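Below is one structure; the comments refer to it alone.
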Amino acid sequence: MSTSDMVLVSIAEIRSIAQSALAKSGCDAENAAAVAGVMAAAERDGCASHGLFRLAGYLASLRSGKVNGTARPSVARLAPSVLQVDGHGGFAPLAMSLARDALAPLAREQGVAAAALVNVHHFSALWVDIEPLVQSGLVALCVTAYMPMVAPAGARKPFFGTNPMAFGWPRRGGETMIFDQASAAMARGEIMIAARDGHQLPPGVGIDAKGTPTTDPAEILKGAQLPFGGYKGSAIALMVELLAAGLIGQPFSFEAGAQDNQDGGPPRGGYFLLAFDPARFGDAEGWLAHAESLFQHLAGLEGVRLPGDRRAQNRARIASHGARLPAKLWEEAVRAAGAHPGRSRG
């Protein structure tokens, strides 16, 4: 895509346009703000596949009636350190905010606490979900399943979701180490963007509808993605299915796919969130410095960068200069919001 096909937009404008478009399609103010916030955060950190690119799917699921844009999540305590947050058919971001608020004090009280989010429609980046917990000094882990898109190792048909996971560790000065990755070789959104922009993909990302390996993203979208690392990635995808569905009574990916109306938006499903207070595990005085020595030694190896370093660099740069978006994507978002585009090219 050429420079002339791109526009520079501030993160504040992205958030505002997304929020207006969501409100126009059936979200109330609180849900619209929460969903727009996660898209804006993704654009702020340079993750186009979970930014404004996702708006069309959010809007489609509101217009089809699949998602309740005015849902109010509720919290129940199932055990001393286990919470259930019921999204009541709404988008996940508002339920996630409620879950974090309830989970953080419980993790500090118990040392470890878990939240099962049920009846939610998750469509966003996972690091956005756990970063506030990690910034507050907690270790966090989360997983969610999706719809059948990934062929298990040895298979030729989709069965698992892309089944992402994120893990975060607090660092000095409020900094964080967070990785966010799919159990597939590549995130679905990245493949969709490659298909949109006409780019080929590396070998090993997926297969076509006949089960033949291909680097054509359009053919992979018709066929199946592959797990990273063969059997190892497939086993991790299975673990995610069990935690985000089997453990908490939510649909497995193959069940979610059968139940979904295929409007292009997120299916209804579950999400598993775990938080630890590292000061409650026997090294209250030393855990932070000890982990920091690990990060320093690791980062000191030639060619190594810590997870999240590129995200932090993107955040600083984009905060100053704005996000580069495809002009067509921005114009579509502005129209959905009922506004008028007027951004500089670049």
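Going by the structure tokens order, chains are called A, B, ..., each with residues numbered from 1, while ligands are numbered from 1 in the order shown.
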* Asked: Leaving out segment 108-119 of chain A and any residue of its chain fewer than 4 positions from it, which residues lie within 6 Å of it when counting only C-alpha atoms, given as a PyMOL selection string?
  -> chain A and resi 81-89+268-277+280
Could you save the residues just selected, with N, CA and C atoms, as an mmCIF file, in the first residue's frame?
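Wrote out.cif, looks like this:
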```
data_model
loop_
_atom_site.group_PDB
_atom_site.id
_atom_site.type_symbol
_atom_site.label_atom_id
_atom_site.label_comp_id
_atom_site.auth_asym_id
_atom_site.auth_seq_id
_atom_site.Cartn_x
_atom_site.Cartn_y
_atom_site.Cartn_z
ATOM 1 N N SER A 81 -11.160 -17.374 46.089
ATOM 2 C CA SER A 81 -10.301 -16.656 45.147
ATOM 3 C C SER A 81 -10.738 -16.836 43.697
ATOM 4 N N VAL A 82 -12.025 -17.137 43.489
ATOM 5 C CA VAL A 82 -12.542 -17.336 42.125
ATOM 6 C C VAL A 82 -13.771 -16.459 41.908
ATOM 7 N N LEU A 83 -13.709 -15.660 40.840
ATOM 8 C CA LEU A 83 -14.822 -14.798 40.456
ATOM 9 C C LEU A 83 -15.409 -15.263 39.125
ATOM 10 N N GLN A 84 -16.693 -15.047 38.965
ATOM 11 C CA GLN A 84 -17.333 -15.213 37.662
ATOM 12 C C GLN A 84 -17.922 -13.873 37.264
ATOM 13 N N VAL A 85 -17.535 -13.405 36.085
ATOM 14 C CA VAL A 85 -18.077 -12.159 35.546
ATOM 15 C C VAL A 85 -18.931 -12.511 34.336
ATOM 16 N N ASP A 86 -20.219 -12.277 34.442
ATOM 17 C CA ASP A 86 -21.160 -12.590 33.362
ATOM 18 C C ASP A 86 -21.360 -11.345 32.516
ATOM 19 N N GLY A 87 -20.990 -11.447 31.237
ATOM 20 C CA GLY A 87 -21.126 -10.307 30.339
ATOM 21 C C GLY A 87 -22.516 -10.121 29.780
ATOM 22 N N HIS A 88 -23.417 -11.091 30.011
ATOM 23 C CA HIS A 88 -24.811 -11.002 29.567
ATOM 24 C C HIS A 88 -24.932 -10.681 28.074
ATOM 25 N N GLY A 89 -24.027 -11.269 27.281
ATOM 26 C CA GLY A 89 -24.131 -11.118 25.831
ATOM 27 C C GLY A 89 -23.548 -9.848 25.270
ATOM 28 N N ARG A 268 -19.870 -15.589 20.834
ATOM 29 C CA ARG A 268 -20.010 -15.563 22.282
ATOM 30 C C ARG A 268 -19.195 -16.702 22.876
ATOM 31 N N GLY A 269 -18.471 -16.405 23.936
ATOM 32 C CA GLY A 269 -17.641 -17.436 24.544
ATOM 33 C C GLY A 269 -17.086 -17.004 25.875
ATOM 34 N N GLY A 270 -15.989 -17.628 26.277
ATOM 35 C CA GLY A 270 -15.422 -17.395 27.590
ATOM 36 C C GLY A 270 -13.997 -16.885 27.542
ATOM 37 N N TYR A 271 -13.513 -16.519 28.716
ATOM 38 C CA TYR A 271 -12.195 -15.904 28.867
ATOM 39 C C TYR A 271 -11.730 -16.207 30.282
ATOM 40 N N PHE A 272 -10.489 -16.664 30.409
ATOM 41 C CA PHE A 272 -9.941 -17.037 31.712
ATOM 42 C C PHE A 272 -8.803 -16.090 32.081
ATOM 43 N N LEU A 273 -8.880 -15.510 33.265
ATOM 44 C CA LEU A 273 -7.912 -14.518 33.726
ATOM 45 C C LEU A 273 -7.393 -14.914 35.098
ATOM 46 N N LEU A 274 -6.078 -14.909 35.252
ATOM 47 C CA LEU A 274 -5.432 -15.314 36.492
ATOM 48 C C LEU A 274 -4.480 -14.202 36.919
ATOM 49 N N ALA A 275 -4.508 -13.840 38.200
ATOM 50 C CA ALA A 275 -3.619 -12.792 38.719
ATOM 51 C C ALA A 275 -2.913 -13.282 39.972
ATOM 52 N N PHE A 276 -1.636 -12.954 40.091
ATOM 53 C CA PHE A 276 -0.817 -13.327 41.249
ATOM 54 C C PHE A 276 -0.253 -12.064 41.894
ATOM 55 N N ASP A 277 -0.158 -12.064 43.208
ATOM 56 C CA ASP A 277 0.596 -11.025 43.908
ATOM 57 C C ASP A 277 1.977 -11.596 44.187
ATOM 58 N N ARG A 280 3.511 -12.294 47.676
ATOM 59 C CA ARG A 280 2.904 -13.274 48.579
ATOM 60 C C ARG A 280 3.413 -14.697 48.325
#
```
* Those in segment 187-274 of chain A with strand (DSSP E) from DSSP, as a ChimeraX atom specification -> /A:206-207,213-214,224-225,269-274
May I have the residues from that selection written out with all heavy atoms, as an mmCIF file, in the first residue's frame?
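So the final result, stored in out05.cif, reads:
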```cif
data_model
loop_
_atom_site.group_PDB
_atom_site.id
_atom_site.type_symbol
_atom_site.label_atom_id
_atom_site.label_comp_id
_atom_site.auth_asym_id
_atom_site.auth_seq_id
_atom_site.Cartn_x
_atom_site.Cartn_y
_atom_site.Cartn_z
ATOM 1 N N GLY A 206 -0.262 -21.456 6.957
ATOM 2 C CA GLY A 206 -1.540 -22.111 6.753
ATOM 3 C C GLY A 206 -1.602 -22.969 5.514
ATOM 4 O O GLY A 206 -0.626 -23.104 4.757
ATOM 5 N N ILE A 207 -2.778 -23.542 5.301
ATOM 6 C CA ILE A 207 -3.035 -24.438 4.183
ATOM 7 C C ILE A 207 -4.318 -23.994 3.483
ATOM 8 O O ILE A 207 -5.156 -23.295 4.068
ATOM 9 C CB ILE A 207 -3.181 -25.900 4.659
ATOM 10 C CG1 ILE A 207 -4.238 -25.997 5.778
ATOM 11 C CG2 ILE A 207 -1.830 -26.442 5.147
ATOM 12 C CD1 ILE A 207 -4.461 -27.391 6.327
ATOM 13 N N PRO A 213 -0.163 -26.837 1.648
ATOM 14 C CA PRO A 213 0.511 -25.648 2.183
ATOM 15 C C PRO A 213 0.512 -24.511 1.166
ATOM 16 O O PRO A 213 0.709 -24.735 -0.038
ATOM 17 C CB PRO A 213 1.927 -26.134 2.470
ATOM 18 C CG PRO A 213 1.777 -27.610 2.691
ATOM 19 C CD PRO A 213 0.692 -28.041 1.739
ATOM 20 N N THR A 214 0.275 -23.292 1.622
ATOM 21 C CA THR A 214 0.238 -22.136 0.732
ATOM 22 C C THR A 214 0.735 -20.902 1.465
ATOM 23 O O THR A 214 0.654 -20.830 2.704
ATOM 24 C CB THR A 214 -1.194 -21.899 0.206
ATOM 25 O OG1 THR A 214 -1.203 -20.743 -0.656
ATOM 26 C CG2 THR A 214 -2.172 -21.659 1.340
ATOM 27 N N ALA A 224 -7.235 -23.322 6.316
ATOM 28 C CA ALA A 224 -7.001 -23.370 7.761
ATOM 29 C C ALA A 224 -5.639 -22.792 8.087
ATOM 30 O O ALA A 224 -4.693 -22.896 7.298
ATOM 31 C CB ALA A 224 -7.082 -24.806 8.277
ATOM 32 N N GLN A 225 -5.555 -22.183 9.240
ATOM 33 C CA GLN A 225 -4.263 -21.772 9.777
ATOM 34 C C GLN A 225 -3.588 -22.974 10.436
ATOM 35 O O GLN A 225 -4.233 -23.987 10.710
ATOM 36 C CB GLN A 225 -4.451 -20.649 10.802
ATOM 37 C CG GLN A 225 -5.012 -19.374 10.203
ATOM 38 C CD GLN A 225 -5.326 -18.335 11.255
ATOM 39 O OE1 GLN A 225 -6.461 -17.888 11.375
ATOM 40 N NE2 GLN A 225 -4.335 -17.944 12.030
ATOM 41 N N GLY A 269 -18.471 -16.405 23.936
ATOM 42 C CA GLY A 269 -17.641 -17.436 24.544
ATOM 43 C C GLY A 269 -17.086 -17.004 25.875
ATOM 44 O O GLY A 269 -17.632 -16.120 26.537
ATOM 45 N N GLY A 270 -15.989 -17.628 26.277
ATOM 46 C CA GLY A 270 -15.422 -17.395 27.590
ATOM 47 C C GLY A 270 -13.997 -16.885 27.542
ATOM 48 O O GLY A 270 -13.346 -16.864 26.481
ATOM 49 N N TYR A 271 -13.513 -16.519 28.716
ATOM 50 C CA TYR A 271 -12.195 -15.904 28.867
ATOM 51 C C TYR A 271 -11.730 -16.207 30.282
ATOM 52 O O TYR A 271 -12.484 -16.049 31.249
ATOM 53 C CB TYR A 271 -12.355 -14.402 28.652
ATOM 54 C CG TYR A 271 -11.106 -13.552 28.712
ATOM 55 C CD1 TYR A 271 -10.586 -12.993 27.558
ATOM 56 C CD2 TYR A 271 -10.488 -13.255 29.919
ATOM 57 C CE1 TYR A 271 -9.468 -12.173 27.593
ATOM 58 C CE2 TYR A 271 -9.370 -12.441 29.964
ATOM 59 C CZ TYR A 271 -8.867 -11.901 28.803
ATOM 60 O OH TYR A 271 -7.762 -11.094 28.838
ATOM 61 N N PHE A 272 -10.489 -16.664 30.409
ATOM 62 C CA PHE A 272 -9.941 -17.037 31.712
ATOM 63 C C PHE A 272 -8.803 -16.090 32.081
ATOM 64 O O PHE A 272 -7.877 -15.893 31.288
ATOM 65 C CB PHE A 272 -9.436 -18.483 31.667
ATOM 66 C CG PHE A 272 -8.844 -18.961 32.960
ATOM 67 C CD1 PHE A 272 -9.655 -19.275 34.038
ATOM 68 C CD2 PHE A 272 -7.470 -19.110 33.095
ATOM 69 C CE1 PHE A 272 -9.108 -19.729 35.231
ATOM 70 C CE2 PHE A 272 -6.917 -19.570 34.272
ATOM 71 C CZ PHE A 272 -7.734 -19.873 35.354
ATOM 72 N N LEU A 273 -8.880 -15.510 33.265
ATOM 73 C CA LEU A 273 -7.912 -14.518 33.726
ATOM 74 C C LEU A 273 -7.393 -14.914 35.098
ATOM 75 O O LEU A 273 -8.178 -15.233 35.999
ATOM 76 C CB LEU A 273 -8.589 -13.144 33.793
ATOM 77 C CG LEU A 273 -7.804 -11.969 34.371
ATOM 78 C CD1 LEU A 273 -6.556 -11.686 33.537
ATOM 79 C CD2 LEU A 273 -8.704 -10.728 34.420
ATOM 80 N N LEU A 274 -6.078 -14.909 35.252
ATOM 81 C CA LEU A 274 -5.432 -15.314 36.492
ATOM 82 C C LEU A 274 -4.480 -14.202 36.919
ATOM 83 O O LEU A 274 -3.719 -13.681 36.095
ATOM 84 C CB LEU A 274 -4.661 -16.616 36.264
ATOM 85 C CG LEU A 274 -4.155 -17.417 37.458
ATOM 86 C CD1 LEU A 274 -5.309 -17.865 38.343
ATOM 87 C CD2 LEU A 274 -3.376 -18.637 36.957
#
```
* Asked: Which residues in segment 150-274 of chain A does DSSP call alpha helix (DSSP H)? List them as a ChimeraX atom specification.
  -> /A:188-197,217-222,231-241,253-259
Writer output for current selection, C-alpha atoms, as an mmCIF file, in the first residue's frame:
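Done, and the output landed in again-v9.cif:
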```
data_model
loop_
_atom_site.group_PDB
_atom_site.id
_atom_site.type_symbol
_atom_site.label_atom_id
_atom_site.label_comp_id
_atom_site.auth_asym_id
_atom_site.auth_seq_id
_atom_site.Cartn_x
_atom_site.Cartn_y
_atom_site.Cartn_z
ATOM 1 C CA ARG A 188 -5.947 -14.143 12.137
ATOM 2 C CA GLY A 189 -6.081 -10.390 11.762
ATOM 3 C CA GLU A 190 -2.570 -10.277 10.302
ATOM 4 C CA ILE A 191 -3.593 -12.805 7.660
ATOM 5 C CA MET A 192 -6.702 -10.783 6.845
ATOM 6 C CA ILE A 193 -4.659 -7.599 6.459
ATOM 7 C CA ALA A 194 -2.178 -9.413 4.204
ATOM 8 C CA ALA A 195 -5.074 -10.606 2.040
ATOM 9 C CA ARG A 196 -6.493 -7.080 1.933
ATOM 10 C CA ASP A 197 -3.152 -5.566 0.936
ATOM 11 C CA PRO A 217 -3.418 -15.350 2.640
ATOM 12 C CA ALA A 218 -6.705 -15.472 0.724
ATOM 13 C CA GLU A 219 -6.349 -19.240 0.304
ATOM 14 C CA ILE A 220 -5.431 -19.694 3.973
ATOM 15 C CA LEU A 221 -8.595 -17.838 4.973
ATOM 16 C CA LYS A 222 -10.555 -20.352 2.895
ATOM 17 C CA TYR A 231 2.428 -30.478 18.033
ATOM 18 C CA LYS A 232 3.679 -28.019 20.652
ATOM 19 C CA GLY A 233 1.466 -25.181 19.450
ATOM 20 C CA SER A 234 -1.407 -27.610 19.009
ATOM 21 C CA ALA A 235 -1.062 -28.725 22.640
ATOM 22 C CA ILE A 236 -1.124 -25.113 23.813
ATOM 23 C CA ALA A 237 -4.259 -24.492 21.743
ATOM 24 C CA LEU A 238 -5.851 -27.498 23.460
ATOM 25 C CA MET A 239 -4.892 -26.108 26.877
ATOM 26 C CA VAL A 240 -6.533 -22.797 25.992
ATOM 27 C CA GLU A 241 -9.728 -24.570 24.911
ATOM 28 C CA SER A 253 -14.160 -23.206 19.425
ATOM 29 C CA PHE A 254 -15.914 -25.820 17.307
ATOM 30 C CA GLU A 255 -19.121 -25.264 19.299
ATOM 31 C CA ALA A 256 -18.834 -21.481 19.037
ATOM 32 C CA GLY A 257 -18.421 -21.793 15.285
ATOM 33 C CA ALA A 258 -21.562 -23.908 14.989
ATOM 34 C CA GLN A 259 -23.575 -21.458 17.098
#
```
* **All residues 12 Å or closer to Ser20 of chain A, only C-alpha atoms, same chain fewer than 5 positions away omitted, as a count of residues only** => 24
* Length of the atom CA of Pro203 of chain A to atom CA of Gln181 of chain A vector [Å] -> 18.4 Å
* Within 8 Å of segment 132-137 of chain A using only C-alpha atoms, minus same-chain residues under 6 positions, as a ChimeraX atom specification -> /A:100,104,168-171,174-176,275,277-278
Would you save the residues from that selection as a PDB file, in the first residue's frame, using all heavy atoms?
```pdb
ATOM      1  N   ARG A 100     -11.184  -6.803  36.263  1.00  0.00           N
ATOM      2  CA  ARG A 100      -9.911  -6.310  36.804  1.00  0.00           C
ATOM      3  C   ARG A 100     -10.104  -5.618  38.141  1.00  0.00           C
ATOM      4  O   ARG A 100      -9.339  -5.822  39.097  1.00  0.00           O
ATOM      5  CB  ARG A 100      -9.254  -5.339  35.818  1.00  0.00           C
ATOM      6  CG  ARG A 100      -8.633  -5.988  34.610  1.00  0.00           C
ATOM      7  CD  ARG A 100      -7.746  -4.998  33.867  1.00  0.00           C
ATOM      8  NE  ARG A 100      -8.459  -3.804  33.434  1.00  0.00           N
ATOM      9  CZ  ARG A 100      -8.949  -3.624  32.218  1.00  0.00           C
ATOM     10  NH1 ARG A 100      -8.803  -4.564  31.302  1.00  0.00           N
ATOM     11  NH2 ARG A 100      -9.577  -2.508  31.896  1.00  0.00           N
ATOM     12  N   ALA A 104      -8.128  -7.571  41.303  1.00  0.00           N
ATOM     13  CA  ALA A 104      -6.890  -7.043  41.875  1.00  0.00           C
ATOM     14  C   ALA A 104      -6.868  -7.111  43.407  1.00  0.00           C
ATOM     15  O   ALA A 104      -5.912  -7.656  43.982  1.00  0.00           O
ATOM     16  CB  ALA A 104      -6.647  -5.627  41.377  1.00  0.00           C
ATOM     17  N   GLY A 168       1.933 -11.292  31.735  1.00  0.00           N
ATOM     18  CA  GLY A 168       2.582 -10.040  32.084  1.00  0.00           C
ATOM     19  C   GLY A 168       3.278 -10.093  33.425  1.00  0.00           C
ATOM     20  O   GLY A 168       2.785 -10.717  34.376  1.00  0.00           O
ATOM     21  N   TRP A 169       4.445  -9.409  33.500  1.00  0.00           N
ATOM     22  CA  TRP A 169       5.255  -9.358  34.717  1.00  0.00           C
ATOM     23  C   TRP A 169       5.590  -7.897  35.014  1.00  0.00           C
ATOM     24  O   TRP A 169       6.073  -7.180  34.137  1.00  0.00           O
ATOM     25  CB  TRP A 169       6.546 -10.167  34.529  1.00  0.00           C
ATOM     26  CG  TRP A 169       7.363 -10.315  35.778  1.00  0.00           C
ATOM     27  CD1 TRP A 169       8.275  -9.429  36.270  1.00  0.00           C
ATOM     28  CD2 TRP A 169       7.320 -11.405  36.695  1.00  0.00           C
ATOM     29  NE1 TRP A 169       8.811  -9.895  37.443  1.00  0.00           N
ATOM     30  CE2 TRP A 169       8.255 -11.113  37.730  1.00  0.00           C
ATOM     31  CE3 TRP A 169       6.606 -12.605  36.744  1.00  0.00           C
ATOM     32  CZ2 TRP A 169       8.474 -11.975  38.803  1.00  0.00           C
ATOM     33  CZ3 TRP A 169       6.832 -13.455  37.807  1.00  0.00           C
ATOM     34  CH2 TRP A 169       7.747 -13.149  38.827  1.00  0.00           C
ATOM     35  N   PRO A 170       5.366  -7.442  36.264  1.00  0.00           N
ATOM     36  CA  PRO A 170       5.674  -6.044  36.602  1.00  0.00           C
ATOM     37  C   PRO A 170       7.184  -5.796  36.643  1.00  0.00           C
ATOM     38  O   PRO A 170       7.959  -6.669  37.034  1.00  0.00           O
ATOM     39  CB  PRO A 170       5.074  -5.868  38.005  1.00  0.00           C
ATOM     40  CG  PRO A 170       4.270  -7.095  38.274  1.00  0.00           C
ATOM     41  CD  PRO A 170       4.809  -8.181  37.406  1.00  0.00           C
ATOM     42  N   ARG A 171       7.564  -4.584  36.270  1.00  0.00           N
ATOM     43  CA  ARG A 171       8.963  -4.162  36.342  1.00  0.00           C
ATOM     44  C   ARG A 171       9.054  -2.857  37.122  1.00  0.00           C
ATOM     45  O   ARG A 171       8.045  -2.259  37.496  1.00  0.00           O
ATOM     46  CB  ARG A 171       9.544  -3.995  34.944  1.00  0.00           C
ATOM     47  CG  ARG A 171       9.516  -5.273  34.118  1.00  0.00           C
ATOM     48  CD  ARG A 171      10.246  -5.110  32.807  1.00  0.00           C
ATOM     49  NE  ARG A 171      11.681  -4.880  33.046  1.00  0.00           N
ATOM     50  CZ  ARG A 171      12.534  -4.590  32.065  1.00  0.00           C
ATOM     51  NH1 ARG A 171      12.106  -4.485  30.813  1.00  0.00           N
ATOM     52  NH2 ARG A 171      13.811  -4.392  32.348  1.00  0.00           N
ATOM     53  N   GLY A 174       6.862   1.073  37.179  1.00  0.00           N
ATOM     54  CA  GLY A 174       5.595   0.904  36.500  1.00  0.00           C
ATOM     55  C   GLY A 174       5.699   0.322  35.114  1.00  0.00           C
ATOM     56  O   GLY A 174       4.689   0.186  34.414  1.00  0.00           O
ATOM     57  N   GLU A 175       6.923  -0.035  34.685  1.00  0.00           N
ATOM     58  CA  GLU A 175       7.077  -0.678  33.383  1.00  0.00           C
ATOM     59  C   GLU A 175       6.600  -2.133  33.462  1.00  0.00           C
ATOM     60  O   GLU A 175       6.427  -2.687  34.550  1.00  0.00           O
ATOM     61  CB  GLU A 175       8.538  -0.620  32.928  1.00  0.00           C
ATOM     62  CG  GLU A 175       9.024   0.793  32.650  1.00  0.00           C
ATOM     63  CD  GLU A 175      10.436   0.804  32.108  1.00  0.00           C
ATOM     64  OE1 GLU A 175      10.975  -0.291  31.837  1.00  0.00           O
ATOM     65  OE2 GLU A 175      10.998   1.904  31.951  1.00  0.00           O
ATOM     66  N   THR A 176       6.409  -2.728  32.312  1.00  0.00           N
ATOM     67  CA  THR A 176       5.891  -4.096  32.269  1.00  0.00           C
ATOM     68  C   THR A 176       6.624  -4.922  31.228  1.00  0.00           C
ATOM     69  O   THR A 176       7.196  -4.381  30.278  1.00  0.00           O
ATOM     70  CB  THR A 176       4.394  -4.112  31.907  1.00  0.00           C
ATOM     71  OG1 THR A 176       4.225  -3.559  30.590  1.00  0.00           O
ATOM     72  CG2 THR A 176       3.564  -3.313  32.911  1.00  0.00           C
ATOM     73  N   ALA A 275      -4.508 -13.840  38.200  1.00  0.00           N
ATOM     74  CA  ALA A 275      -3.619 -12.792  38.719  1.00  0.00           C
ATOM     75  C   ALA A 275      -2.913 -13.282  39.972  1.00  0.00           C
ATOM     76  O   ALA A 275      -3.518 -13.966  40.812  1.00  0.00           O
ATOM     77  CB  ALA A 275      -4.404 -11.522  39.019  1.00  0.00           C
ATOM     78  N   ASP A 277      -0.158 -12.064  43.208  1.00  0.00           N
ATOM     79  CA  ASP A 277       0.596 -11.025  43.908  1.00  0.00           C
ATOM     80  C   ASP A 277       1.977 -11.596  44.187  1.00  0.00           C
ATOM     81  O   ASP A 277       2.138 -12.457  45.064  1.00  0.00           O
ATOM     82  CB  ASP A 277      -0.093 -10.642  45.216  1.00  0.00           C
ATOM     83  CG  ASP A 277       0.637  -9.520  45.941  1.00  0.00           C
ATOM     84  OD1 ASP A 277       1.767  -9.168  45.530  1.00  0.00           O
ATOM     85  OD2 ASP A 277       0.094  -9.001  46.930  1.00  0.00           O
ATOM     86  N   PRO A 278       3.024 -11.146  43.470  1.00  0.00           N
ATOM     87  CA  PRO A 278       4.346 -11.755  43.639  1.00  0.00           C
ATOM     88  C   PRO A 278       4.941 -11.541  45.024  1.00  0.00           C
ATOM     89  O   PRO A 278       5.874 -12.261  45.409  1.00  0.00           O
ATOM     90  CB  PRO A 278       5.182 -11.079  42.549  1.00  0.00           C
ATOM     91  CG  PRO A 278       4.461  -9.813  42.225  1.00  0.00           C
ATOM     92  CD  PRO A 278       3.015 -10.098  42.443  1.00  0.00           C
TER      93      PRO A 278
END
```
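With distances restricted to only C-alpha atoms, A:Asp45 is the closest residue to Arg315 of chain A from A:Asp283, A:Asp45, A:Asp101, A:Asp5.
Those residues that approach Gly57 of chain A to within 9 Å, counting only C-alpha atoms, are Phe123, Asp263, Gly264, Gly265 and Pro266 of chain A; same-chain residues fewer than 6 positions away are not listed.
Counting only C-alpha atoms, the residue from A:Gly51, A:Gly154, A:Gly308, A:Pro148 that sits nearest to Ile11 of chain A is A:Gly51.
In this structure, atom CA of Phe179 of chain A sits 5.6 Å away from atom CA of Phe167 of chain A.
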